[in-house]
Each structure stands twice: as structure tokens, then as C-alpha cells.
>>> print(open('entry10.cif').read())   # mmCIF, C-alpha atoms
data_upload
#
loop_
_atom_site.group_PDB
_atom_site.id
_atom_site.type_symbol
_atom_site.label_atom_id
_atom_site.label_comp_id
_atom_site.auth_asym_id
_atom_site.auth_seq_id
_atom_site.Cartn_x
_atom_site.Cartn_y
_atom_site.Cartn_z
ATOM 1 C CA MET A 1 140.919 55.413 77.665
ATOM 2 C CA SER A 2 138.581 58.345 78.225
ATOM 3 C CA ARG A 3 138.470 60.135 81.536
ATOM 4 C CA PRO A 4 135.325 59.801 83.654
ATOM 5 C CA ILE A 5 133.117 62.848 83.941
ATOM 6 C CA VAL A 6 133.279 64.244 87.466
ATOM 7 C CA THR A 7 130.376 66.330 88.774
ATOM 8 C CA ARG A 8 130.858 68.883 91.547
ATOM 9 C CA PRO A 9 127.445 69.673 93.116
ATOM 10 C CA ALA A 10 128.861 72.374 95.323
ATOM 11 C CA ALA A 11 130.467 74.257 92.464
ATOM 12 C CA ALA A 12 128.906 77.257 90.729
ATOM 13 C CA CYS A 13 126.240 76.525 88.159
ATOM 14 C CA THR A 14 127.520 75.633 84.731
ATOM 15 C CA LEU A 15 126.158 77.520 81.739
ATOM 16 C CA ALA A 16 123.589 74.804 81.035
ATOM 17 C CA ALA A 17 122.582 74.351 84.655
ATOM 18 C CA ALA A 18 122.268 78.074 85.198
ATOM 19 C CA VAL A 19 119.233 78.232 82.961
ATOM 20 C CA LEU A 20 117.447 75.455 84.806
ATOM 21 C CA ALA A 21 118.678 75.594 88.381
ATOM 22 C CA CYS A 22 120.030 79.021 89.229
ATOM 23 C CA PRO A 23 116.977 81.227 88.604
ATOM 24 C CA PRO A 24 114.819 79.537 91.286
ATOM 25 C CA ALA A 25 117.722 79.729 93.727
ATOM 26 C CA LEU A 26 118.184 83.415 92.927
ATOM 27 C CA ALA A 27 114.522 84.164 93.513
ATOM 28 C CA GLN A 28 114.585 82.296 96.811
ATOM 29 C CA THR A 29 117.597 84.151 98.181
ATOM 30 C CA TYR A 30 116.700 87.672 97.013
ATOM 31 C CA PRO A 31 116.961 90.070 98.780
ATOM 32 C CA VAL A 32 120.002 89.652 100.992
ATOM 33 C CA LYS A 33 120.536 93.378 101.654
ATOM 34 C CA PRO A 34 118.458 96.606 101.811
ATOM 35 C CA VAL A 35 116.464 97.664 98.745
ATOM 36 C CA ARG A 36 116.387 101.299 97.638
ATOM 37 C CA ILE A 37 113.405 102.978 95.984
ATOM 38 C CA VAL A 38 114.398 106.204 94.251
ATOM 39 C CA VAL A 39 111.679 108.860 94.116
ATOM 40 C CA GLY A 40 112.050 111.649 91.571
ATOM 41 C CA VAL A 41 110.458 114.345 93.736
ATOM 42 C CA PRO A 42 111.299 115.905 97.127
ATOM 43 C CA PRO A 43 109.721 114.504 100.314
ATOM 44 C CA GLY A 44 106.042 115.285 100.789
ATOM 45 C CA GLY A 45 103.221 115.033 98.277
ATOM 46 C CA THR A 46 101.320 112.057 96.934
ATOM 47 C CA THR A 47 104.219 110.453 95.037
ATOM 48 C CA ASP A 48 106.378 110.383 98.168
ATOM 49 C CA VAL A 49 103.467 109.056 100.243
ATOM 50 C CA VAL A 50 102.917 106.196 97.775
ATOM 51 C CA ALA A 51 106.610 105.270 97.845
ATOM 52 C CA ARG A 52 106.773 105.223 101.634
ATOM 53 C CA LEU A 53 103.557 103.253 102.142
ATOM 54 C CA VAL A 54 104.514 100.608 99.579
ATOM 55 C CA GLY A 55 108.133 100.591 100.739
ATOM 56 C CA GLN A 56 107.114 99.979 104.328
ATOM 57 C CA LYS A 57 105.005 96.977 103.335
ATOM 58 C CA LEU A 58 107.702 95.562 101.057
ATOM 59 C CA ALA A 59 110.232 95.782 103.884
ATOM 60 C CA GLY A 60 108.101 93.563 106.088
ATOM 61 C CA GLN A 61 107.334 91.120 103.303
ATOM 62 C CA LEU A 62 110.896 90.857 101.972
ATOM 63 C CA GLY A 63 112.555 90.805 105.369
ATOM 64 C CA GLN A 64 114.934 93.627 104.417
ATOM 65 C CA GLN A 65 115.015 97.360 104.950
ATOM 66 C CA VAL A 66 113.543 99.409 102.087
ATOM 67 C CA VAL A 67 115.109 102.856 101.857
ATOM 68 C CA ILE A 68 113.297 105.756 100.176
ATOM 69 C CA ASP A 69 115.796 107.958 98.340
ATOM 70 C CA ASN A 70 114.342 111.292 97.151
ATOM 71 C CA ARG A 71 116.197 112.659 94.115
ATOM 72 C CA GLY A 72 114.119 115.564 92.843
ATOM 73 C CA GLY A 73 114.841 117.660 89.778
ATOM 74 C CA ALA A 74 114.191 117.900 86.023
ATOM 75 C CA GLY A 75 110.660 116.564 86.325
ATOM 76 C CA GLY A 76 111.901 113.302 87.863
ATOM 77 C CA ASN A 77 114.552 112.713 85.186
ATOM 78 C CA ILE A 78 117.447 112.917 87.662
ATOM 79 C CA GLY A 79 116.114 110.083 89.793
ATOM 80 C CA ALA A 80 115.119 107.987 86.797
ATOM 81 C CA GLU A 81 118.562 108.343 85.204
ATOM 82 C CA LEU A 82 120.212 107.235 88.446
ATOM 83 C CA VAL A 83 118.158 104.037 88.454
ATOM 84 C CA ALA A 84 118.607 103.391 84.738
ATOM 85 C CA LYS A 85 122.385 103.400 85.260
ATOM 86 C CA SER A 86 122.317 101.303 88.454
ATOM 87 C CA ALA A 87 123.216 97.639 88.731
ATOM 88 C CA ALA A 88 120.445 95.400 87.414
ATOM 89 C CA ASP A 89 120.244 93.309 90.576
ATOM 90 C CA GLY A 90 116.893 94.327 92.080
ATOM 91 C CA TYR A 91 118.373 96.481 94.829
ATOM 92 C CA THR A 92 117.692 99.866 93.192
ATOM 93 C CA LEU A 93 114.158 100.599 91.980
ATOM 94 C CA PHE A 94 112.317 103.668 90.698
ATOM 95 C CA LEU A 95 108.904 105.018 91.680
ATOM 96 C CA ALA A 96 107.658 105.870 88.199
ATOM 97 C CA THR A 97 105.083 108.549 87.383
ATOM 98 C CA ILE A 98 103.079 109.471 84.297
ATOM 99 C CA GLY A 99 105.084 112.671 83.925
ATOM 100 C CA THR A 100 108.598 111.283 84.163
ATOM 101 C CA MET A 101 108.105 108.148 82.112
ATOM 102 C CA THR A 102 105.528 109.010 79.441
ATOM 103 C CA ILE A 103 105.289 112.816 79.168
ATOM 104 C CA ASN A 104 108.909 113.926 79.668
ATOM 105 C CA PRO A 105 110.243 111.906 76.701
ATOM 106 C CA HIS A 106 108.164 114.163 74.424
ATOM 107 C CA LEU A 107 108.667 117.337 76.442
ATOM 108 C CA TYR A 108 112.458 117.461 76.872
ATOM 109 C CA ARG A 109 114.703 117.918 73.844
ATOM 110 C CA GLN A 110 117.298 115.588 75.378
ATOM 111 C CA MET A 111 116.456 112.682 77.656
ATOM 112 C CA PRO A 112 118.995 110.796 79.767
ATOM 113 C CA PHE A 113 117.091 107.511 79.475
ATOM 114 C CA ASP A 114 114.663 105.587 77.298
ATOM 115 C CA THR A 115 111.485 104.541 79.126
ATOM 116 C CA LEU A 116 111.048 101.161 77.440
ATOM 117 C CA ARG A 117 114.675 100.269 76.715
ATOM 118 C CA ASP A 118 116.387 101.246 79.979
ATOM 119 C CA PHE A 119 113.878 99.883 82.508
ATOM 120 C CA ALA A 120 112.209 96.610 83.411
ATOM 121 C CA ALA A 121 108.554 97.123 84.294
ATOM 122 C CA VAL A 122 107.631 95.612 87.664
ATOM 123 C CA SER A 123 104.056 96.699 88.391
ATOM 124 C CA GLN A 124 101.692 99.612 88.209
ATOM 125 C CA LEU A 125 100.790 100.719 91.741
ATOM 126 C CA THR A 126 98.173 103.457 91.580
ATOM 127 C CA SER A 127 95.654 105.346 89.517
ATOM 128 C CA MET A 128 94.377 108.806 90.478
ATOM 129 C CA PRO A 129 91.602 110.808 88.831
ATOM 130 C CA GLN A 130 91.680 114.488 88.098
ATOM 131 C CA VAL A 131 88.555 116.598 88.336
ATOM 132 C CA LEU A 132 87.471 119.353 85.955
ATOM 133 C CA ALA A 133 86.594 122.284 88.198
ATOM 134 C CA LEU A 134 85.206 125.708 87.212
ATOM 135 C CA HIS A 135 84.922 129.000 89.033
ATOM 136 C CA PRO A 136 81.197 129.492 89.818
ATOM 137 C CA SER A 137 81.145 132.675 87.717
ATOM 138 C CA ILE A 138 81.482 130.573 84.547
ATOM 139 C CA PRO A 139 77.932 130.004 83.192
ATOM 140 C CA ALA A 140 78.271 126.280 82.576
ATOM 141 C CA ARG A 141 76.605 123.716 84.803
ATOM 142 C CA THR A 142 77.314 120.655 82.690
ATOM 143 C CA LEU A 143 80.130 119.477 80.471
ATOM 144 C CA ARG A 144 77.985 120.027 77.398
ATOM 145 C CA ASP A 145 77.380 123.609 78.553
ATOM 146 C CA LEU A 146 81.122 124.191 78.872
ATOM 147 C CA ILE A 147 81.886 122.779 75.434
ATOM 148 C CA ALA A 148 79.153 124.917 73.870
ATOM 149 C CA LEU A 149 80.432 128.011 75.674
ATOM 150 C CA ALA A 150 84.046 127.389 74.624
ATOM 151 C CA ARG A 151 82.999 126.882 71.002
ATOM 152 C CA ALA A 152 80.873 130.024 70.998
ATOM 153 C CA GLN A 153 83.645 132.147 72.558
ATOM 154 C CA PRO A 154 86.954 130.811 71.230
ATOM 155 C CA GLY A 155 89.912 132.030 73.289
ATOM 156 C CA ASN A 156 87.774 133.714 75.975
ATOM 157 C CA LEU A 157 88.063 130.896 78.521
ATOM 158 C CA ASN A 158 91.383 130.059 80.135
ATOM 159 C CA PHE A 159 92.607 127.131 82.177
ATOM 160 C CA ALA A 160 95.287 126.999 84.854
ATOM 161 C CA SER A 161 97.948 124.376 85.465
ATOM 162 C CA GLY A 162 100.958 123.789 87.687
ATOM 163 C CA GLY A 163 103.295 124.294 84.730
ATOM 164 C CA SER A 164 103.697 123.595 81.026
ATOM 165 C CA GLY A 165 103.921 119.902 80.269
ATOM 166 C CA THR A 166 102.470 118.743 83.574
ATOM 167 C CA ALA A 167 99.732 116.125 83.620
ATOM 168 C CA ILE A 168 97.091 118.691 84.567
ATOM 169 C CA HIS A 169 98.191 120.948 81.697
ATOM 170 C CA LEU A 170 97.955 118.099 79.206
ATOM 171 C CA ALA A 171 94.545 117.113 80.561
ATOM 172 C CA GLY A 172 93.380 120.497 79.331
ATOM 173 C CA GLU A 173 95.153 120.108 76.002
ATOM 174 C CA LEU A 174 93.532 116.711 75.485
ATOM 175 C CA PHE A 175 90.164 118.280 76.271
ATOM 176 C CA LYS A 176 90.767 121.037 73.695
ATOM 177 C CA SER A 177 91.798 118.596 70.975
ATOM 178 C CA MET A 178 88.858 116.258 71.559
ATOM 179 C CA THR A 179 86.266 119.056 71.685
ATOM 180 C CA GLY A 180 87.717 121.266 68.956
ATOM 181 C CA THR A 181 87.738 124.252 71.308
ATOM 182 C CA GLN A 182 90.208 127.058 71.921
ATOM 183 C CA MET A 183 91.136 127.951 75.492
ATOM 184 C CA VAL A 184 94.162 129.837 76.773
ATOM 185 C CA HIS A 185 96.597 127.910 78.953
ATOM 186 C CA VAL A 186 97.861 129.813 82.012
ATOM 187 C CA PRO A 187 100.842 127.987 83.575
ATOM 188 C CA TYR A 188 101.873 128.556 87.204
ATOM 189 C CA LYS A 189 104.875 127.479 89.229
ATOM 190 C CA GLY A 190 103.004 124.699 90.961
ATOM 191 C CA SER A 191 99.391 123.656 91.478
ATOM 192 C CA ALA A 192 98.882 125.616 94.709
ATOM 193 C CA PRO A 193 99.143 129.105 93.168
ATOM 194 C CA ALA A 194 97.063 127.918 90.209
ATOM 195 C CA MET A 195 94.307 126.825 92.580
ATOM 196 C CA THR A 196 94.525 130.130 94.454
ATOM 197 C CA ASP A 197 93.820 132.070 91.265
ATOM 198 C CA LEU A 198 91.019 129.702 90.271
ATOM 199 C CA LEU A 199 89.339 130.247 93.637
ATOM 200 C CA SER A 200 89.587 134.030 93.187
ATOM 201 C CA GLY A 201 88.201 133.871 89.649
ATOM 202 C CA GLN A 202 91.412 135.017 87.968
ATOM 203 C CA VAL A 203 91.192 131.938 85.729
ATOM 204 C CA SER A 204 88.138 130.092 84.419
ATOM 205 C CA LEU A 205 88.827 126.438 85.092
ATOM 206 C CA MET A 206 91.414 123.842 85.984
ATOM 207 C CA PHE A 207 92.019 120.125 85.881
ATOM 208 C CA ASP A 208 93.379 119.155 89.301
ATOM 209 C CA GLN A 209 93.861 116.171 91.578
ATOM 210 C CA ILE A 210 90.533 115.180 93.044
ATOM 211 C CA VAL A 211 91.750 115.177 96.656
ATOM 212 C CA THR A 212 92.822 118.827 96.267
ATOM 213 C CA ALA A 213 89.808 120.110 94.378
ATOM 214 C CA MET A 214 86.911 118.367 96.136
ATOM 215 C CA PRO A 215 87.041 120.284 99.438
ATOM 216 C CA HIS A 216 86.548 123.509 97.434
ATOM 217 C CA VAL A 217 83.755 121.890 95.429
ATOM 218 C CA GLN A 218 82.023 120.741 98.599
ATOM 219 C CA SER A 219 82.293 124.241 100.105
ATOM 220 C CA GLY A 220 80.707 125.757 96.984
ATOM 221 C CA ARG A 221 83.770 127.770 95.992
ATOM 222 C CA LEU A 222 84.191 125.664 92.825
ATOM 223 C CA ARG A 223 81.873 123.721 90.526
ATOM 224 C CA ALA A 224 82.966 120.226 89.427
ATOM 225 C CA LEU A 225 81.816 118.876 86.060
ATOM 226 C CA GLY A 226 83.372 115.424 86.154
ATOM 227 C CA VAL A 227 86.372 113.207 86.735
ATOM 228 C CA THR A 228 88.910 112.297 84.076
ATOM 229 C CA THR A 229 89.108 108.552 84.678
ATOM 230 C CA ALA A 230 87.136 105.872 82.855
ATOM 231 C CA LYS A 231 85.316 104.982 86.081
ATOM 232 C CA ARG A 232 83.867 107.152 88.814
ATOM 233 C CA SER A 233 86.014 107.785 91.867
ATOM 234 C CA ALA A 234 85.247 106.322 95.276
ATOM 235 C CA ILE A 235 86.120 109.685 96.823
ATOM 236 C CA ALA A 236 83.274 111.365 94.877
ATOM 237 C CA PRO A 237 80.960 108.596 93.613
ATOM 238 C CA ASP A 238 78.185 111.016 92.583
ATOM 239 C CA LEU A 239 80.491 112.902 90.232
ATOM 240 C CA PRO A 240 80.219 111.517 86.682
ATOM 241 C CA THR A 241 83.132 110.837 84.384
ATOM 242 C CA LEU A 242 83.740 113.251 81.526
ATOM 243 C CA ALA A 243 83.271 110.324 79.137
ATOM 244 C CA GLU A 244 79.749 109.635 80.367
ATOM 245 C CA SER A 245 78.949 113.360 80.509
ATOM 246 C CA GLY A 246 79.349 113.929 76.788
ATOM 247 C CA LEU A 247 82.981 113.338 75.847
ATOM 248 C CA PRO A 248 83.307 109.622 74.994
ATOM 249 C CA GLY A 249 86.844 108.287 75.050
ATOM 250 C CA TYR A 250 88.253 111.041 77.250
ATOM 251 C CA GLU A 251 90.502 109.543 79.910
ATOM 252 C CA ILE A 252 93.543 110.591 81.877
ATOM 253 C CA THR A 253 94.784 108.950 85.024
ATOM 254 C CA THR A 254 97.700 110.135 87.096
ATOM 255 C CA TRP A 255 99.564 106.976 88.036
ATOM 256 C CA HIS A 256 102.577 105.499 89.803
ATOM 257 C CA GLY A 257 104.464 102.292 89.164
ATOM 258 C CA LEU A 258 107.582 100.397 90.110
ATOM 259 C CA LEU A 259 110.528 99.969 87.730
ATOM 260 C CA ALA A 260 113.892 98.222 87.894
ATOM 261 C CA PRO A 261 116.927 98.746 85.655
ATOM 262 C CA ALA A 262 116.791 96.893 82.334
ATOM 263 C CA GLY A 263 118.419 93.499 82.580
ATOM 264 C CA THR A 264 117.194 92.769 86.099
ATOM 265 C CA PRO A 265 116.649 88.982 86.281
ATOM 266 C CA ARG A 266 113.079 88.072 85.408
ATOM 267 C CA GLU A 267 112.640 85.993 88.545
ATOM 268 C CA ILE A 268 113.506 88.997 90.719
ATOM 269 C CA VAL A 269 111.133 91.218 88.725
ATOM 270 C CA ALA A 270 108.389 88.606 89.130
ATOM 271 C CA LYS A 271 109.021 88.364 92.863
ATOM 272 C CA LEU A 272 108.863 92.139 93.281
ATOM 273 C CA SER A 273 105.691 92.315 91.208
ATOM 274 C CA GLY A 274 104.009 89.700 93.360
ATOM 275 C CA GLU A 275 105.094 91.371 96.587
ATOM 276 C CA ALA A 276 103.872 94.759 95.328
ATOM 277 C CA ALA A 277 100.449 93.260 94.576
ATOM 278 C CA ARG A 278 100.401 91.767 98.057
ATOM 279 C CA ALA A 279 101.328 95.137 99.617
ATOM 280 C CA LEU A 280 98.470 96.856 97.808
ATOM 281 C CA GLN A 281 95.971 94.431 99.341
ATOM 282 C CA ALA A 282 96.824 95.538 102.886
ATOM 283 C CA ALA A 283 93.862 97.247 104.553
ATOM 284 C CA ASP A 284 95.929 100.069 106.025
ATOM 285 C CA VAL A 285 97.541 100.839 102.657
ATOM 286 C CA ARG A 286 94.159 100.950 100.916
ATOM 287 C CA GLU A 287 92.756 103.172 103.676
ATOM 288 C CA LYS A 288 95.630 105.654 103.461
ATOM 289 C CA PHE A 289 95.497 105.618 99.667
ATOM 290 C CA ALA A 290 91.790 106.445 99.807
ATOM 291 C CA GLY A 291 92.591 109.487 101.923
ATOM 292 C CA GLN A 292 94.854 110.688 99.109
ATOM 293 C CA GLY A 293 92.273 110.005 96.400
ATOM 294 C CA VAL A 294 94.426 107.126 95.168
ATOM 295 C CA ASP A 295 93.179 103.788 93.813
ATOM 296 C CA PRO A 296 95.548 100.790 94.180
ATOM 297 C CA VAL A 297 96.287 99.098 90.857
ATOM 298 C CA SER A 298 98.481 96.032 90.558
ATOM 299 C CA SER A 299 99.602 94.513 87.274
ATOM 300 C CA THR A 300 102.008 91.982 85.852
ATOM 301 C CA PRO A 301 105.329 93.248 84.454
ATOM 302 C CA GLU A 302 104.030 92.579 80.949
ATOM 303 C CA GLN A 303 100.830 94.537 81.561
ATOM 304 C CA PHE A 304 102.702 97.506 83.013
ATOM 305 C CA HIS A 305 105.167 97.550 80.104
ATOM 306 C CA ALA A 306 102.282 97.550 77.605
ATOM 307 C CA PHE A 307 100.502 100.275 79.582
ATOM 308 C CA MET A 308 103.564 102.550 79.538
ATOM 309 C CA GLN A 309 103.962 101.952 75.818
ATOM 310 C CA SER A 310 100.368 103.025 75.176
ATOM 311 C CA GLU A 311 100.787 106.070 77.440
ATOM 312 C CA LEU A 312 103.932 107.116 75.560
ATOM 313 C CA GLU A 313 102.044 107.026 72.280
ATOM 314 C CA LYS A 314 99.037 108.872 73.681
ATOM 315 C CA TRP A 315 100.920 111.728 75.331
ATOM 316 C CA GLY A 316 103.339 112.104 72.457
ATOM 317 C CA LYS A 317 100.444 113.281 70.295
ATOM 318 C CA VAL A 318 99.056 115.588 72.991
ATOM 319 C CA VAL A 319 102.429 117.195 73.774
ATOM 320 C CA LYS A 320 103.082 117.786 70.085
ATOM 321 C CA ALA A 321 99.674 119.410 69.624
ATOM 322 C CA SER A 322 100.186 121.604 72.706
ATOM 323 C CA GLY A 323 103.554 122.907 71.540
ATOM 324 C CA ALA A 324 104.995 122.470 75.032
ATOM 325 C CA ARG A 325 108.771 122.031 75.078
ATOM 326 C CA ILE A 326 111.599 122.142 77.620
ATOM 327 C CA LEU A 327 115.154 122.710 76.434
#
>>> encode(input="entry10.cif", output="C-alpha cells")
Amino acid sequence: MSRPIVTRPAAACTLAAAVLACPPALAQTYPVKPVRIVVGVPPGGTTDVVARLVGQKLAGQLGQQVVIDNRGGAGGNIGAELVAKSAADGYTLFLATIGTMTINPHLYRQMPFDTLRDFAAVSQLTSMPQVLALHPSIPARTLRDLIALARAQPGNLNFASGGSGTAIHLAGELFKSMTGTQMVHVPYKGSAPAMTDLLSGQVSLMFDQIVTAMPHVQSGRLRALGVTTAKRSAIAPDLPTLAESGLPGYEITTWHGLLAPAGTPREIVAKLSGEAARALQAADVREKFAGQGVDPVSSTPEQFHAFMQSELEKWGKVVKASGARIL
């Protein structure tokens, strides 16, 4: 005589039931404790501002404290490695940037993580344009003028950046490769001293964040030729894109996104993605982003993963062409 099958509703999910029943329950209960967002730069600056604004909104929406944990160093690699090696439970996240996730893998000889393998994409959060700004002494009033000048005087023009391998350095390298021009890169220890020398005429031009450059453009101390994004910026709507000014296909956006460790349950990733999109719709977040020259951009996990993959491929070619390398 066979024994009757006894079910125990209160028991833990069986292997079969886990697939069907447990995921919804997990999504409903998460989070049950504070969530940490690791930021790969020190406090202050746009990246930190983005993390704190989004974190504050997520805290209210999730009903749990969201702690911002600044772990600067190695171009963001220290913070990213910490998250990559954290428990895949949705309680430790990373505020990703273009530099850390898609430029560093080609810049550093040894990387402590793999962008696509070691992280679960949650959502893109922002997009920020750079602006191509010249010292007024440079006799170029349009992008076409600048390209013609650079071609006629190879190596005579130089461009500043906040350091080799930074996004504003590679914006210049992309410009050189697409225009077939030769300009000398002058790296500084940060964007502030680079801007100081541009304002004094020590260097010819610079790609810089629009919120930093535009006050100098508006005062007449610099001349702006265009923004680097595919669309014009709300912060300077009269300034054309470089693509529409004579360099079709040119595009670079400085961006932020939210990542979780690889293996984080898909239902938790989906919940975080939805809550991030909701946070970006808040009027106060959009207003404060606008003050930083930041556009809110939400995406599905799949879209953000595909975007990072395309960025990795794009910047791999630019870094290789530039010769930039960090041991």
C-alpha cells in the first residue's frame, strides 16, 4: 500500500514550486533592510549628486533607508569591485559611470571585474552632454572652420582634459579620428586646472561638461561650437550638436546607471528598475538634474545591458587609437 502524499503549505518552497511561487513572494517582500549604493568617487560632484538624489527617492518608495557609500579610487574600480563581490541579494548596488564601466576595461592593464559578466544591469539613470569650447583667440567660429584649421595646421592646435583616459579626453580623440586631424592632447590633474588654462589661452580648446563650460561661454571668455550628444541640450537649446554642425555620427554622452551584482534575482532587478524610473519622474529630481546639466534617462535592464555592451565596443576602439594606458 502506497503512502499518501502530504503537502505542507507552510514549509519552504520545493524546487518545483520555487520557480512558480517564490519569485513573486520575493519581489513583494524586498527590501526588508537598508539598501546601499556604492559610489566610486568621493563626495561632491555630479556623480555623487545623482546617487544622493536617486537614493533619497528610492528610500521613500521602497520604505527602507538607502545609504550612499563613497569608495573613491582607481577611476571607480575600487567601488565597482566591492559591489561585484557582494552578495547578489539587491542590498548592495553600484552607481555606474561611462568611465568605470566602459572606458576603464580598455584603459587598465588589469581589471578587478568584468562589466558584463560580474554585474546585472538595472537601469540607466542619466545622460549629460559635453560642449566643445575654444579660446576666443582661435580663428574658428564654426565646427567646419575648426576642422579646416586643424587639417591645415596639423599638430598646432592642442586640447586639454582632466587626465588621460577620461571621458573628456576621449571625446577629443574621437573627434580627431572622425575628422582625420592631428591635435596635441594636454592632460591635467582634473578638469578645473584644465579649464583655468583654457580660459587663459594656454591651450586651444577643450571638451567639457556643459554645466561647467556654459557660464564662461555666456560671459564671452570662451566660444562654444556645439554639444556632443545626438540631441540639443535643454540647458543650451540654441547650441547645435556637433553632428548637425558638420560631423555626422559624432556622439558622446557622459552617463550614470544602476547596477547590481551578477546573479541578483531578476524580480528584484525588475523592481529596482521600475522604482528607478519612478524616481526619475519626480519633479524635484528633474529640476535638480537640470541645474547640473543632466537629463534623466530610464531604461529596462535589457536596454541598459545592451547600451553598456555597445559603449564597451565603441570606447575600446577609441582608447586603442589614443594609446592611453594605465598600468
>>> resolve_selection(input="entry10.cif", expression="the PyMOL selection byres ((chain A and resi 135) around 10)", output="list of chain:residue names")
A:Ala133, A:Leu134, A:Pro136, A:Ser137, A:Ile138, A:Pro139, A:Ala140, A:Asp197, A:Leu198, A:Leu199, A:Ser200, A:Gly201, A:Gln202, A:Val203, A:Ser204, A:Leu205, A:Met206, A:Val217, A:Gly220, A:Arg221, A:Leu222, A:Arg223, A:Ala224
>>> resolve_selection(input="entry10.cif", expression="the PyMOL selection byres ((chain A and resi 324) around 7)", output="list in words")
Leu107, Ser164, Gly165, Val319, Ser322, Gly323 and Arg325 of chain A
>>> residues_around(input="entry10.cif", residues="A:Gly76", least_positions_apart="2", cutoff="10 Å", atoms="all atoms listed in the file", output="NGL selection string")
:A and (38-42 or 70-74 or 78-81 or 95-97 or 99-101 or 104)
>>> write_last_selection(input="entry10.cif", atoms="C-alpha atoms", output="mmCIF file, in the frame of the given file")
data_model
loop_
_atom_site.group_PDB
_atom_site.id
_atom_site.type_symbol
_atom_site.label_atom_id
_atom_site.label_comp_id
_atom_site.auth_asym_id
_atom_site.auth_seq_id
_atom_site.Cartn_x
_atom_site.Cartn_y
_atom_site.Cartn_z
ATOM 1 C CA VAL A 38 114.398 106.204 94.251
ATOM 2 C CA VAL A 39 111.679 108.860 94.116
ATOM 3 C CA GLY A 40 112.050 111.649 91.571
ATOM 4 C CA VAL A 41 110.458 114.345 93.736
ATOM 5 C CA PRO A 42 111.299 115.905 97.127
ATOM 6 C CA ASN A 70 114.342 111.292 97.151
ATOM 7 C CA ARG A 71 116.197 112.659 94.115
ATOM 8 C CA GLY A 72 114.119 115.564 92.843
ATOM 9 C CA GLY A 73 114.841 117.660 89.778
ATOM 10 C CA ALA A 74 114.191 117.900 86.023
ATOM 11 C CA ILE A 78 117.447 112.917 87.662
ATOM 12 C CA GLY A 79 116.114 110.083 89.793
ATOM 13 C CA ALA A 80 115.119 107.987 86.797
ATOM 14 C CA GLU A 81 118.562 108.343 85.204
ATOM 15 C CA LEU A 95 108.904 105.018 91.680
ATOM 16 C CA ALA A 96 107.658 105.870 88.199
ATOM 17 C CA THR A 97 105.083 108.549 87.383
ATOM 18 C CA GLY A 99 105.084 112.671 83.925
ATOM 19 C CA THR A 100 108.598 111.283 84.163
ATOM 20 C CA MET A 101 108.105 108.148 82.112
ATOM 21 C CA ASN A 104 108.909 113.926 79.668
#
>>> closest_residue(input="entry10.cif", among="A:Met111, A:Leu149, A:Val211, A:Val297", to="A:Leu327", atoms="only C-alpha atoms")
A:Met111
>>> axis_aligned_box(input="entry10.cif", around="stretch 64-68 of chain A", padding_each_side="6 Å", output="AutoDock Vina command-line options")
--center_x 114.2 --center_y 99.7 --center_z 102.6 --size_x 13.8 --size_y 24.1 --size_z 16.8
>>> closest_residue(input="entry10.cif", among="A:Pro301, A:Pro105, A:Gly246, A:Gly60", to="A:Leu146", atoms="only C-alpha atoms")
A:Gly246
>>> atom_distance(input="entry10.cif", atom1="atom CA of A:Ile68", atom2="atom CA of A:Tyr30")
18.7 Å
>>> residues_around(input="entry10.cif", residues="stretch 307-312 of chain A", least_positions_apart="4", cutoff="12 Å", atoms="only C-alpha atoms", output="VMD selection string")
chain A and resid 96 to 107 114 to 117 119 to 124 167 251 to 259 298 to 303 316 to 319
>>> atom_distance(input="entry10.cif", atom1="atom CA of A:Thr212", atom2="atom CA of A:Asp48")
16.1 Å
>>> atom_distance(input="entry10.cif", atom1="atom CA of A:Ser245", atom2="atom CA of A:Lys231")
11.9 Å
>>> resolve_selection(input="entry10.cif", expression="the PyMOL selection byres ((chain A and resi 89) around 9)", output="PyMOL selection string")
chain A and resi 86-88+90-92+260-261+263-265+268
>>> closest_residue(input="entry10.cif", among="A:Pro296, A:Ala213, A:Lys85, A:Glu313", to="A:Gln281", atoms="only C-alpha atoms")
A:Pro296
